[in-house]
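J.: Quick one: this structure, given as structure tokens, is what I'll be asking you about.
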Amino acid sequence: MSNGPSEKTIAVVTSTSFDFEGPDGDYDETVPPGRAFADFVVNRLVSNGAKCIANPVPGEEGWTFDVTIVNTPYRVFVHWAPIGNPPTDRWVIQPDVCKGLLRSLVGRRTSDSEVAPIVVELRRALDDAAEIDNVDWITREKFTNMY
């Protein structure tokens, strides 16, 4: 477990390659934006050796999928967020360790060191992707304060 300052585990992504609206340019309140971006992230992780154990599924605010890296299952939440002042459309990637029901209810927050392997793989997946204009890696605390 990390004893030092918080690690930068959340990716705030700028990309003009993925629409913030539906596939036909229409916004549908019943489906969160970002399916194409979530699929892109899954495909990049899989091409680097991760195993996809659950394809992206829509939630209230974004898309969630599960991957395994070095025998550890991770859950990744991908969503749109207005970031900055003035707010600008961004994609946010928030990785976590897949937790059982009991740990989810009464367990502690996942440490930065526990999510380090998925963060390394996300960095590899995003760093050289032509579809990504910019990635800012920030701490959970900074994201909480800005969003």
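Identifiers in this document derive from the order of the structure tokens: chains are assigned A, B, ..., residues are numbered from 1 separately in each chain, and ligands are numbered from 1 in order of occurrence.
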Show me, as a ChimeraX atom specification, the residues that have an atom within 12 Å of Val57 of chain A when counting only C-alpha atoms, minus same-chain residues fewer than 6 positions from it.
T.: /A:31-36,38-39,42,63-66,75-79
J.: Give me a file of those residues, with C-alpha atoms, as an mmCIF file, in the first residue's frame.
T.:
```
data_model
loop_
_atom_site.group_PDB
_atom_site.id
_atom_site.type_symbol
_atom_site.label_atom_id
_atom_site.label_comp_id
_atom_site.auth_asym_id
_atom_site.auth_seq_id
_atom_site.Cartn_x
_atom_site.Cartn_y
_atom_site.Cartn_z
ATOM 1 C CA VAL A 31 -28.239 5.816 -22.822
ATOM 2 C CA PRO A 32 -25.151 7.542 -21.441
ATOM 3 C CA PRO A 33 -22.664 8.967 -23.935
ATOM 4 C CA GLY A 34 -19.381 7.177 -24.396
ATOM 5 C CA ARG A 35 -20.090 3.659 -25.675
ATOM 6 C CA ALA A 36 -17.682 4.087 -28.587
ATOM 7 C CA ALA A 38 -15.506 2.630 -23.750
ATOM 8 C CA ASP A 39 -15.247 0.080 -26.590
ATOM 9 C CA VAL A 42 -11.437 -2.109 -23.968
ATOM 10 C CA TRP A 63 -20.085 2.759 -19.079
ATOM 11 C CA THR A 64 -18.469 0.074 -16.949
ATOM 12 C CA PHE A 65 -16.425 -2.918 -18.066
ATOM 13 C CA ASP A 66 -14.243 -5.546 -16.402
ATOM 14 C CA ARG A 75 -13.566 -2.668 -13.089
ATOM 15 C CA VAL A 76 -13.215 0.424 -15.272
ATOM 16 C CA PHE A 77 -15.765 3.242 -15.304
ATOM 17 C CA VAL A 78 -15.743 5.488 -18.393
ATOM 18 C CA HIS A 79 -17.881 8.614 -18.503
#
```
J.: Would you kindly return, as a PyMOL selection string, each protein, DNA or RNA residue with an atom no farther than 8 Å from any atom of segment 117-121 of chain A, considering only C-alpha atoms and excluding same-chain residues fewer than 6 positions away?
T.: chain A and resi 9+45+48+69+74+95
J.: Taking 5 positions as the minimum chain separation for residues in the same chain, which residues sit within 9 Å of Glu131 of chain A when counting only C-alpha atoms? Answer as a list in words.
T.: Ser15, Thr16, Ser17, Phe18 and Leu126 of chain A
J.: Measuring between only C-alpha atoms, which one of A:Trp91, A:Val97, A:Trp137, A:Asn145 shows the shortest distance to Glu61 of chain A?
T.: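 Result for the nearest residue to Glu61 of chain A: A:Trp91.
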J.: Any chance you could list, as a ChimeraX atom specification, the residues in chain A that come up helix (DSSP H, G or I) when DSSP is run on the backbone?
T.: /A:35-47,101-106,112-127,140-146
J.: Write a file of the selected residues as a tab-separated table (two decimals), in the first residue's frame, keeping N, CA and C atoms.
T.:
```tsv
chain	number	residue	atom	x	y	z
A	35	ARG	N	-20.23	5.08	-25.35
A	35	ARG	CA	-20.09	3.66	-25.68
A	35	ARG	C	-18.91	3.43	-26.61
A	36	ALA	N	-18.78	4.26	-27.64
A	36	ALA	CA	-17.68	4.09	-28.59
A	36	ALA	C	-16.33	4.29	-27.90
A	37	PHE	N	-16.26	5.25	-26.99
A	37	PHE	CA	-15.00	5.48	-26.26
A	37	PHE	C	-14.70	4.31	-25.34
A	38	ALA	N	-15.71	3.79	-24.63
A	38	ALA	CA	-15.51	2.63	-23.75
A	38	ALA	C	-15.04	1.42	-24.56
A	39	ASP	N	-15.67	1.18	-25.73
A	39	ASP	CA	-15.25	0.08	-26.59
A	39	ASP	C	-13.80	0.27	-27.03
A	40	PHE	N	-13.44	1.49	-27.37
A	40	PHE	CA	-12.07	1.80	-27.79
A	40	PHE	C	-11.08	1.45	-26.67
A	41	VAL	N	-11.38	1.86	-25.44
A	41	VAL	CA	-10.48	1.59	-24.31
A	41	VAL	C	-10.36	0.08	-24.10
A	42	VAL	N	-11.48	-0.65	-24.12
A	42	VAL	CA	-11.44	-2.11	-23.97
A	42	VAL	C	-10.55	-2.72	-25.05
A	43	ASN	N	-10.78	-2.34	-26.29
A	43	ASN	CA	-10.01	-2.92	-27.40
A	43	ASN	C	-8.52	-2.64	-27.28
A	44	ARG	N	-8.18	-1.45	-26.84
A	44	ARG	CA	-6.75	-1.11	-26.65
A	44	ARG	C	-6.14	-1.96	-25.53
A	45	LEU	N	-6.87	-2.13	-24.43
A	45	LEU	CA	-6.37	-2.95	-23.33
A	45	LEU	C	-6.20	-4.40	-23.78
A	46	VAL	N	-7.19	-4.94	-24.48
A	46	VAL	CA	-7.13	-6.33	-24.95
A	46	VAL	C	-5.98	-6.52	-25.93
A	47	SER	N	-5.77	-5.54	-26.81
A	47	SER	CA	-4.66	-5.67	-27.77
A	47	SER	C	-3.31	-5.66	-27.07
A	101	LEU	N	-19.20	-8.42	-2.83
A	101	LEU	CA	-20.30	-7.67	-2.23
A	101	LEU	C	-19.96	-7.15	-0.84
A	102	LEU	N	-19.40	-7.98	0.01
A	102	LEU	CA	-19.09	-7.57	1.37
A	102	LEU	C	-18.08	-6.43	1.40
A	103	ARG	N	-17.01	-6.56	0.61
A	103	ARG	CA	-16.00	-5.50	0.59
A	103	ARG	C	-16.58	-4.21	0.01
A	104	SER	N	-17.48	-4.34	-0.95
A	104	SER	CA	-18.11	-3.15	-1.52
A	104	SER	C	-18.94	-2.40	-0.48
A	105	LEU	N	-19.59	-3.16	0.38
A	105	LEU	CA	-20.46	-2.54	1.38
A	105	LEU	C	-19.71	-1.99	2.59
A	106	VAL	N	-18.75	-2.73	3.09
A	106	VAL	CA	-18.10	-2.33	4.34
A	106	VAL	C	-16.58	-2.20	4.23
A	112	ASP	N	-4.13	3.14	-3.94
A	112	ASP	CA	-3.53	3.46	-5.23
A	112	ASP	C	-2.65	2.32	-5.73
A	113	SER	N	-1.94	1.65	-4.82
A	113	SER	CA	-1.06	0.56	-5.24
A	113	SER	C	-1.85	-0.62	-5.77
A	114	GLU	N	-3.08	-0.82	-5.29
A	114	GLU	CA	-3.91	-1.92	-5.78
A	114	GLU	C	-4.36	-1.68	-7.22
A	115	VAL	N	-4.54	-0.43	-7.61
A	115	VAL	CA	-4.96	-0.14	-8.99
A	115	VAL	C	-3.78	0.16	-9.90
A	116	ALA	N	-2.57	0.16	-9.37
A	116	ALA	CA	-1.39	0.49	-10.18
A	116	ALA	C	-1.26	-0.35	-11.44
A	117	PRO	N	-1.48	-1.68	-11.40
A	117	PRO	CA	-1.33	-2.46	-12.64
A	117	PRO	C	-2.30	-2.03	-13.76
A	118	ILE	N	-3.53	-1.73	-13.43
A	118	ILE	CA	-4.48	-1.30	-14.47
A	118	ILE	C	-4.12	0.11	-14.95
A	119	VAL	N	-3.62	0.95	-14.08
A	119	VAL	CA	-3.21	2.30	-14.49
A	119	VAL	C	-2.05	2.20	-15.49
A	120	VAL	N	-1.08	1.32	-15.21
A	120	VAL	CA	0.04	1.12	-16.14
A	120	VAL	C	-0.48	0.69	-17.50
A	121	GLU	N	-1.44	-0.24	-17.52
A	121	GLU	CA	-1.98	-0.72	-18.79
A	121	GLU	C	-2.82	0.33	-19.49
A	122	LEU	N	-3.56	1.12	-18.74
A	122	LEU	CA	-4.31	2.22	-19.36
A	122	LEU	C	-3.38	3.24	-19.97
A	123	ARG	N	-2.29	3.55	-19.28
A	123	ARG	CA	-1.30	4.49	-19.85
A	123	ARG	C	-0.75	3.95	-21.16
A	124	ARG	N	-0.39	2.66	-21.18
A	124	ARG	CA	0.11	2.04	-22.41
A	124	ARG	C	-0.94	2.10	-23.51
A	125	ALA	N	-2.19	1.87	-23.16
A	125	ALA	CA	-3.27	1.85	-24.14
A	125	ALA	C	-3.56	3.23	-24.74
A	126	LEU	N	-3.39	4.27	-23.95
A	126	LEU	CA	-3.77	5.61	-24.38
A	126	LEU	C	-2.61	6.44	-24.93
A	127	ASP	N	-1.40	6.19	-24.44
A	127	ASP	CA	-0.27	7.07	-24.75
A	127	ASP	C	0.00	7.27	-26.23
A	140	ARG	N	-7.33	10.94	-7.26
A	140	ARG	CA	-8.76	10.86	-6.95
A	140	ARG	C	-9.22	12.12	-6.20
A	141	GLU	N	-8.37	12.62	-5.33
A	141	GLU	CA	-8.72	13.81	-4.56
A	141	GLU	C	-8.91	15.02	-5.48
A	142	LYS	N	-8.00	15.19	-6.44
A	142	LYS	CA	-8.14	16.31	-7.36
A	142	LYS	C	-9.42	16.17	-8.19
A	143	PHE	N	-9.71	14.96	-8.65
A	143	PHE	CA	-10.92	14.76	-9.43
A	143	PHE	C	-12.16	15.09	-8.60
A	144	THR	N	-12.18	14.65	-7.36
A	144	THR	CA	-13.31	14.93	-6.47
A	144	THR	C	-13.50	16.44	-6.31
A	145	ASN	N	-12.41	17.18	-6.19
A	145	ASN	CA	-12.48	18.63	-6.00
A	145	ASN	C	-12.88	19.38	-7.26
A	146	MET	N	-12.59	18.82	-8.44
A	146	MET	CA	-12.88	19.54	-9.67
A	146	MET	C	-14.19	19.11	-10.31
```
J.: Which residue out of A:Thr68, A:Glu7, A:Cys98, A:Val92 has the minimum interatomic distance to Asp136 of chain A when only C-alpha atoms are used?
T.: A:Val92
J.: Name the residues of segment 3-130 of chain A that fall into strand (DSSP E) according to DSSP on the backbone, using the chain letters and numbers of this document, as a ChimeraX atom specification.
T.: /A:10-14,51-58,62-69,72-83,88-97
J.: For the residues in that selection, give me C-alpha atoms as a short mmCIF file (atom, residue, chain, number, x, y, z; two decimals), in the first residue's frame.
T.:
```
data_model
loop_
_atom_site.label_atom_id
_atom_site.label_comp_id
_atom_site.auth_asym_id
_atom_site.auth_seq_id
_atom_site.Cartn_x
_atom_site.Cartn_y
_atom_site.Cartn_z
CA ILE A 10 -7.72 8.86 -12.99
CA ALA A 11 -7.38 9.73 -16.67
CA VAL A 12 -9.04 12.89 -17.98
CA VAL A 13 -9.04 12.52 -21.75
CA THR A 14 -9.43 15.02 -24.57
CA LYS A 51 -8.57 -10.22 -20.91
CA CYS A 52 -12.03 -8.66 -21.18
CA ILE A 53 -14.32 -10.42 -18.71
CA ALA A 54 -17.34 -8.11 -19.08
CA ASN A 55 -18.07 -5.88 -22.07
CA PRO A 56 -19.11 -2.27 -21.48
CA VAL A 57 -22.53 -1.97 -19.89
CA PRO A 58 -24.43 1.30 -19.50
CA GLY A 62 -21.39 6.15 -18.01
CA TRP A 63 -20.09 2.76 -19.08
CA THR A 64 -18.47 0.07 -16.95
CA PHE A 65 -16.43 -2.92 -18.07
CA ASP A 66 -14.24 -5.55 -16.40
CA VAL A 67 -10.80 -6.73 -17.46
CA THR A 68 -8.23 -9.06 -15.95
CA ILE A 69 -4.57 -8.12 -15.83
CA THR A 72 -6.45 -9.63 -11.06
CA PRO A 73 -9.92 -8.47 -12.10
CA TYR A 74 -10.45 -4.72 -12.49
CA ARG A 75 -13.57 -2.67 -13.09
CA VAL A 76 -13.21 0.42 -15.27
CA PHE A 77 -15.77 3.24 -15.30
CA VAL A 78 -15.74 5.49 -18.39
CA HIS A 79 -17.88 8.61 -18.50
CA TRP A 80 -18.28 12.13 -19.82
CA ALA A 81 -17.59 15.07 -17.51
CA PRO A 82 -17.50 18.86 -17.92
CA ILE A 83 -14.01 19.72 -16.66
CA THR A 88 -15.02 21.55 -21.49
CA ASP A 89 -16.24 18.11 -22.56
CA ARG A 90 -13.84 15.41 -21.41
CA TRP A 91 -13.83 11.64 -21.08
CA VAL A 92 -12.90 10.30 -17.65
CA ILE A 93 -11.51 6.82 -16.93
CA GLN A 94 -11.72 5.63 -13.32
CA PRO A 95 -10.23 2.18 -12.65
CA ASP A 96 -10.81 0.09 -9.53
CA VAL A 97 -10.30 -3.46 -8.34
#
```
